[in-house]
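See below for the structure under consideration.
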Amino acid sequence: ALRESGLDVKLLVWDHNRDDMFVRAKTVYSDPEAEQFVWGVAYHWYGDPRYEMWPAREGQVLYDNVRRVHELRPDKHIVMSEACQEFGPRLGDWKVGERYGEAIIRDLNNWLEAWIDWNLILDASGGPNHVNNFVSAPIIVDLARDKVLFHTNFYYMGHFSRFIKPGARRILASSNRDALEVTAFANPDGSLAAVVMNQGDFDVNFWLEVAGEVTKAEAPKHSISTFLLSASAS
């Protein structure tokens with residue numbers, strides 16, 4: 001029916017957490033009748049016992065499963081289709097932003113192509129929600145005080161959405177310090193964007209090196225920074 005419809009549909013399978021995404025991808029991709037209609041795999045980010053109450057204490061984040069799905073079928077696509085921080089708005093909680101930064105960096109480095117947050121704007125209770133599943137969002141609207149509040153994850157996500165342009169390609173980037181998490185992209189205009197995050201309790205000085213050229217830089221404690229190189233410089 002899908003073939004006969006003539007629709008240009010990009011069908012994504014799974015659409016749940018990373019823990020079983022490889023098993024489900026392997027099952028679908030092993031079926032020649034099914035896999036021809038599948039554009040890629042979608043997944044959610046949940047399963048981190050540092051931030052949620054329900055996951056097994058040994059953790060179900062499994063960032064490496066994203067890479068394994070890519071290695072299984074490099075010609076297919078991978079999209080993170082749902083993320084939010086549970087248990088209310090969590091206003092002022094810096095760790096919410098850091099959770100986003102860590103997840104986006106690690107997933108991008110494992111061949112993720114797109115990231116979709118579950119909510120852009122919620123009210124001061126973390127709703128509305130028909131089953132009282134109140135969560136956080138990048139923007140919280142406090143109607144009682146007539147205020148719009150920008151959460152930490154709004155700014156953390158901005159380091160990716162503002163500086164990594166549509167059509168950008170990830171380039172190899174690494175750090176020689178465990179405290180620094182990094183990803184880098186070449187934009188279509190020839191510029192480079194390197195995102196560096198430090199979740200530690202201390203500042204980290206480092207040398208930013210690109211094609212043999214170096215400059216001194218700093219990643220302050222609990223920070224995220226984007227380093228931009230123009231097309232001429234890169």
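Each chain in the structure tokens gets a letter, A, B and so on, in the order shown; residues start at 1 in every chain, and ligands are counted from 1 in the order they appear.
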Open item on the list: Env of Asn65 of chain A: 8 Å cut, atoms = only C-alpha atoms, seq-sep filter 3 positions within chain, self excluded. Answer as a PyMOL selection string.
Closed with: chain A and resi 18-19+21-22+62+68-69
Please produce a file of those selected residues containing N, CA and C atoms, as a short mmCIF file (atom, residue, chain, number, x, y, z; two decimals), in the first residue's frame.
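Contents of again12.cif, as written:
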data_model
loop_
_atom_site.label_atom_id
_atom_site.label_comp_id
_atom_site.auth_asym_id
_atom_site.auth_seq_id
_atom_site.Cartn_x
_atom_site.Cartn_y
_atom_site.Cartn_z
N ARG A 18 17.08 4.35 23.94
CA ARG A 18 18.29 3.81 23.32
C ARG A 18 18.54 2.34 23.70
N ASP A 19 18.00 1.88 24.84
CA ASP A 19 18.40 0.56 25.35
C ASP A 19 18.16 -0.57 24.35
N MET A 21 17.23 -0.02 21.00
CA MET A 21 17.13 0.48 19.63
C MET A 21 17.94 -0.37 18.64
N PHE A 22 19.09 -0.89 19.09
CA PHE A 22 19.89 -1.71 18.18
C PHE A 22 19.17 -3.01 17.84
N LEU A 62 23.00 4.17 27.37
CA LEU A 62 23.52 3.40 26.24
C LEU A 62 23.76 4.25 24.99
N ARG A 68 26.08 1.97 17.12
CA ARG A 68 25.91 0.60 16.61
C ARG A 68 24.81 0.54 15.54
N VAL A 69 23.75 1.31 15.73
CA VAL A 69 22.70 1.35 14.71
C VAL A 69 23.24 1.94 13.41
#
Taking only residues of segment 93-118 of chain A that have an atom at most 8 Å from an atom of segment 131-154 of chain A, what is each one's shortest atom pair and its distance in Å to one decimal, using only C-alpha atoms, in chain and number order, as a Markdown table?
| residue | atom | partner | partner_atom | distance |
| --- | --- | --- | --- | --- |
| A:Asp93 | CA | A:Thr152 | CA | 7.2 |
| A:Trp94 | CA | A:Thr152 | CA | 5.9 |
| A:Val96 | CA | A:Asn153 | CA | 6.2 |
| A:Gly97 | CA | A:Asn153 | CA | 3.9 |
| A:Glu98 | CA | A:Asn153 | CA | 7.5 |
| A:Tyr100 | CA | A:Asn153 | CA | 6.3 |
| A:Gly101 | CA | A:Asn153 | CA | 7.9 |
| A:Trp118 | CA | A:Ala137 | CA | 8.0 |
- [ ] Rank nothing, just name the residue among A:Glu4, A:Asp107, A:Asp189, A:Asp64 nearest to Phe37 of chain A, using only C-alpha atoms.
- [x] A:Glu4
TODO: Name the closest residue to Leu192 of chain A among the candidates A:Ala173, A:Met157, A:Leu229, A:Ala42; distances are taken between atoms, counting only C-alpha atoms.
DONE: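 Between A:Ala173, A:Met157, A:Leu229, A:Ala42, the residue approaching Leu192 of chain A most closely is A:Leu229.
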Task: Shell around Glu35 of chain A at 10 Å using only C-alpha atoms, local window under 3 positions removed, as a PyMOL selection string - done: chain A and resi 11+13+25-32+38-40+76
Any chance you can output those residues with N, CA, C and O atoms as a PDB file, in the first residue's frame?
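Wrote it out as selection.pdb, contents follow:
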ATOM      1  N   LEU A  11       9.906   7.081   6.616  1.00  0.00           N
ATOM      2  CA  LEU A  11       9.388   6.269   7.708  1.00  0.00           C
ATOM      3  C   LEU A  11      10.497   5.955   8.711  1.00  0.00           C
ATOM      4  O   LEU A  11      11.534   5.388   8.354  1.00  0.00           O
ATOM      5  N   VAL A  13      11.372   3.995  12.346  1.00  0.00           N
ATOM      6  CA  VAL A  13      10.895   2.931  13.225  1.00  0.00           C
ATOM      7  C   VAL A  13      11.470   3.101  14.631  1.00  0.00           C
ATOM      8  O   VAL A  13      12.360   3.902  14.865  1.00  0.00           O
ATOM      9  N   ALA A  25      16.344  -2.206  15.467  1.00  0.00           N
ATOM     10  CA  ALA A  25      16.858  -1.837  14.147  1.00  0.00           C
ATOM     11  C   ALA A  25      17.346  -3.077  13.395  1.00  0.00           C
ATOM     12  O   ALA A  25      17.077  -3.244  12.197  1.00  0.00           O
ATOM     13  N   LYS A  26      18.058  -3.949  14.088  1.00  0.00           N
ATOM     14  CA  LYS A  26      18.563  -5.164  13.449  1.00  0.00           C
ATOM     15  C   LYS A  26      17.415  -6.037  12.956  1.00  0.00           C
ATOM     16  O   LYS A  26      17.481  -6.621  11.864  1.00  0.00           O
ATOM     17  N   THR A  27      16.359  -6.131  13.753  1.00  0.00           N
ATOM     18  CA  THR A  27      15.211  -6.948  13.356  1.00  0.00           C
ATOM     19  C   THR A  27      14.563  -6.406  12.081  1.00  0.00           C
ATOM     20  O   THR A  27      14.288  -7.154  11.128  1.00  0.00           O
ATOM     21  N   VAL A  28      14.337  -5.097  12.040  1.00  0.00           N
ATOM     22  CA  VAL A  28      13.679  -4.501  10.868  1.00  0.00           C
ATOM     23  C   VAL A  28      14.590  -4.536   9.655  1.00  0.00           C
ATOM     24  O   VAL A  28      14.166  -4.902   8.546  1.00  0.00           O
ATOM     25  N   TYR A  29      15.847  -4.177   9.841  1.00  0.00           N
ATOM     26  CA  TYR A  29      16.774  -4.131   8.707  1.00  0.00           C
ATOM     27  C   TYR A  29      17.103  -5.527   8.169  1.00  0.00           C
ATOM     28  O   TYR A  29      17.591  -5.652   7.032  1.00  0.00           O
ATOM     29  N   SER A  30      16.849  -6.561   8.962  1.00  0.00           N
ATOM     30  CA  SER A  30      17.089  -7.929   8.506  1.00  0.00           C
ATOM     31  C   SER A  30      15.947  -8.458   7.650  1.00  0.00           C
ATOM     32  O   SER A  30      16.066  -9.551   7.071  1.00  0.00           O
ATOM     33  N   ASP A  31      14.865  -7.719   7.599  1.00  0.00           N
ATOM     34  CA  ASP A  31      13.703  -8.125   6.803  1.00  0.00           C
ATOM     35  C   ASP A  31      13.717  -7.346   5.493  1.00  0.00           C
ATOM     36  O   ASP A  31      13.402  -6.155   5.465  1.00  0.00           O
ATOM     37  N   PRO A  32      14.077  -7.984   4.380  1.00  0.00           N
ATOM     38  CA  PRO A  32      14.193  -7.244   3.115  1.00  0.00           C
ATOM     39  C   PRO A  32      12.889  -6.631   2.641  1.00  0.00           C
ATOM     40  O   PRO A  32      12.899  -5.609   1.944  1.00  0.00           O
ATOM     41  N   VAL A  38      11.909   1.715   5.102  1.00  0.00           N
ATOM     42  CA  VAL A  38      12.335   2.394   6.320  1.00  0.00           C
ATOM     43  C   VAL A  38      13.467   3.369   6.014  1.00  0.00           C
ATOM     44  O   VAL A  38      14.527   2.976   5.528  1.00  0.00           O
ATOM     45  N   TRP A  39      13.228   4.647   6.323  1.00  0.00           N
ATOM     46  CA  TRP A  39      14.233   5.702   6.125  1.00  0.00           C
ATOM     47  C   TRP A  39      15.278   5.680   7.226  1.00  0.00           C
ATOM     48  O   TRP A  39      16.438   6.004   6.997  1.00  0.00           O
ATOM     49  N   GLY A  40      14.862   5.310   8.447  1.00  0.00           N
ATOM     50  CA  GLY A  40      15.813   5.295   9.540  1.00  0.00           C
ATOM     51  C   GLY A  40      15.167   4.933  10.865  1.00  0.00           C
ATOM     52  O   GLY A  40      14.034   4.426  10.921  1.00  0.00           O
ATOM     53  N   LYS A  76      21.274   4.370   6.271  1.00  0.00           N
ATOM     54  CA  LYS A  76      20.021   4.800   6.883  1.00  0.00           C
ATOM     55  C   LYS A  76      20.263   6.015   7.778  1.00  0.00           C
ATOM     56  O   LYS A  76      21.381   6.500   7.921  1.00  0.00           O
TER      57      LYS A  76
END
TODO: Between A:Tyr155, A:Pro89, A:Ser175, A:Ser161, single out the one closest to Gly127 of chain A, counting only C-alpha atoms.
DONE: A:Pro89
- [ ] Counting only C-alpha atoms, figure out which residue out of A:Gln199, A:Asn129, A:Ser5, A:Ser191 gets nearest to Ile224 of chain A.
- [x]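 Under the stated criterion, the closest residue is A:Gln199.
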Task: DSSP strand (DSSP E) selection over segment 43-160 of chain A, as a ChimeraX atom specification - done: /A:43-44,77-82,114-115,121-123,139-142,147-150
For the residues in that selection, give me C-alpha atoms as a PDB file, in the first residue's frame.
ATOM      1  CA  TYR A  43      14.689   7.088  19.535  1.00  0.00           C
ATOM      2  CA  HIS A  44      14.068   8.851  22.873  1.00  0.00           C
ATOM      3  CA  HIS A  77      19.272   7.768   9.154  1.00  0.00           C
ATOM      4  CA  ILE A  78      19.044   8.397  12.914  1.00  0.00           C
ATOM      5  CA  VAL A  79      16.817  10.978  14.641  1.00  0.00           C
ATOM      6  CA  MET A  80      16.350  11.681  18.359  1.00  0.00           C
ATOM      7  CA  SER A  81      12.591  12.219  18.412  1.00  0.00           C
ATOM      8  CA  GLU A  82      11.740  12.994  22.054  1.00  0.00           C
ATOM      9  CA  ALA A 114      18.599  15.555  14.171  1.00  0.00           C
ATOM     10  CA  TRP A 115      17.406  16.339  17.704  1.00  0.00           C
ATOM     11  CA  ILE A 121       6.998  26.108  25.881  1.00  0.00           C
ATOM     12  CA  LEU A 122       5.120  25.022  29.019  1.00  0.00           C
ATOM     13  CA  ASP A 123       3.403  26.826  31.876  1.00  0.00           C
ATOM     14  CA  ILE A 139      10.796  28.139  27.870  1.00  0.00           C
ATOM     15  CA  ILE A 140       8.418  28.438  30.819  1.00  0.00           C
ATOM     16  CA  VAL A 141       5.538  30.926  30.771  1.00  0.00           C
ATOM     17  CA  ASP A 142       4.491  32.105  34.231  1.00  0.00           C
ATOM     18  CA  LYS A 147       6.790  36.470  32.763  1.00  0.00           C
ATOM     19  CA  VAL A 148       8.586  34.368  30.173  1.00  0.00           C
ATOM     20  CA  LEU A 149      11.454  32.382  31.707  1.00  0.00           C
ATOM     21  CA  PHE A 150      14.293  30.841  29.716  1.00  0.00           C
TER      22      PHE A 150
END
Open item on the list: Just checking: using only C-alpha atoms, which residue out of A:Glu33, A:Glu58, A:Glu181, A:Glu218 ends up closest to Ala103 of chain A?
Closed with: A:Glu181
TODO: Give the helix (DSSP H, G or I) residues of segment 14-229 of chain A, as DSSP finds them on the backbone, and put them as a count of residues only.
DONE: 51
Task: Of the listed residues A:Asn176, A:Ser223, A:Asn17, A:Ser230, that which approaches Phe206 of chain A most closely, counting only C-alpha atoms - done: A:Asn176
- [ ] Would you mind listing what lies within 8 Å of Ser225 of chain A as an MDAnalysis selection string, with only C-alpha atoms counted and same-chain residues fewer than 6 positions away left out?
- [x] chainID A and resid 159 195:197 219
Would you save the residues from that selection as a CSV table (one decimal), in the first residue's frame, using all heavy atoms?
chain,number,residue,atom,x,y,z
A,159,HIS,N,23.6,26.4,21.6
A,159,HIS,CA,25.0,26.3,21.1
A,159,HIS,C,25.0,25.4,19.9
A,159,HIS,O,26.0,25.4,19.1
A,159,HIS,CB,25.9,25.8,22.2
A,159,HIS,CG,26.3,26.8,23.2
A,159,HIS,ND1,27.5,27.6,23.0
A,159,HIS,CD2,25.7,27.3,24.3
A,159,HIS,CE1,27.6,28.4,24.0
A,159,HIS,NE2,26.5,28.3,24.8
A,195,VAL,N,31.9,22.8,19.7
A,195,VAL,CA,31.2,23.0,20.9
A,195,VAL,C,32.0,22.3,22.0
A,195,VAL,O,32.2,21.1,21.9
A,195,VAL,CB,29.8,22.5,20.8
A,195,VAL,CG1,29.0,22.8,22.2
A,195,VAL,CG2,29.0,23.2,19.7
A,196,VAL,N,32.3,23.0,23.1
A,196,VAL,CA,33.1,22.4,24.2
A,196,VAL,C,32.3,22.6,25.5
A,196,VAL,O,31.9,23.7,25.8
A,196,VAL,CB,34.5,23.1,24.3
A,196,VAL,CG1,35.3,22.5,25.5
A,196,VAL,CG2,35.3,22.9,23.0
A,197,MET,N,32.1,21.5,26.2
A,197,MET,CA,31.4,21.5,27.5
A,197,MET,C,32.3,21.0,28.6
A,197,MET,O,33.0,20.0,28.5
A,197,MET,CB,30.1,20.7,27.4
A,197,MET,CG,29.2,20.9,28.6
A,197,MET,SD,27.6,20.1,28.4
A,197,MET,CE,28.0,18.4,28.6
A,219,ALA,N,37.7,26.6,29.3
A,219,ALA,CA,36.3,26.1,29.6
A,219,ALA,C,36.0,26.3,31.1
A,219,ALA,O,36.5,25.5,31.9
A,219,ALA,CB,36.2,24.7,29.2
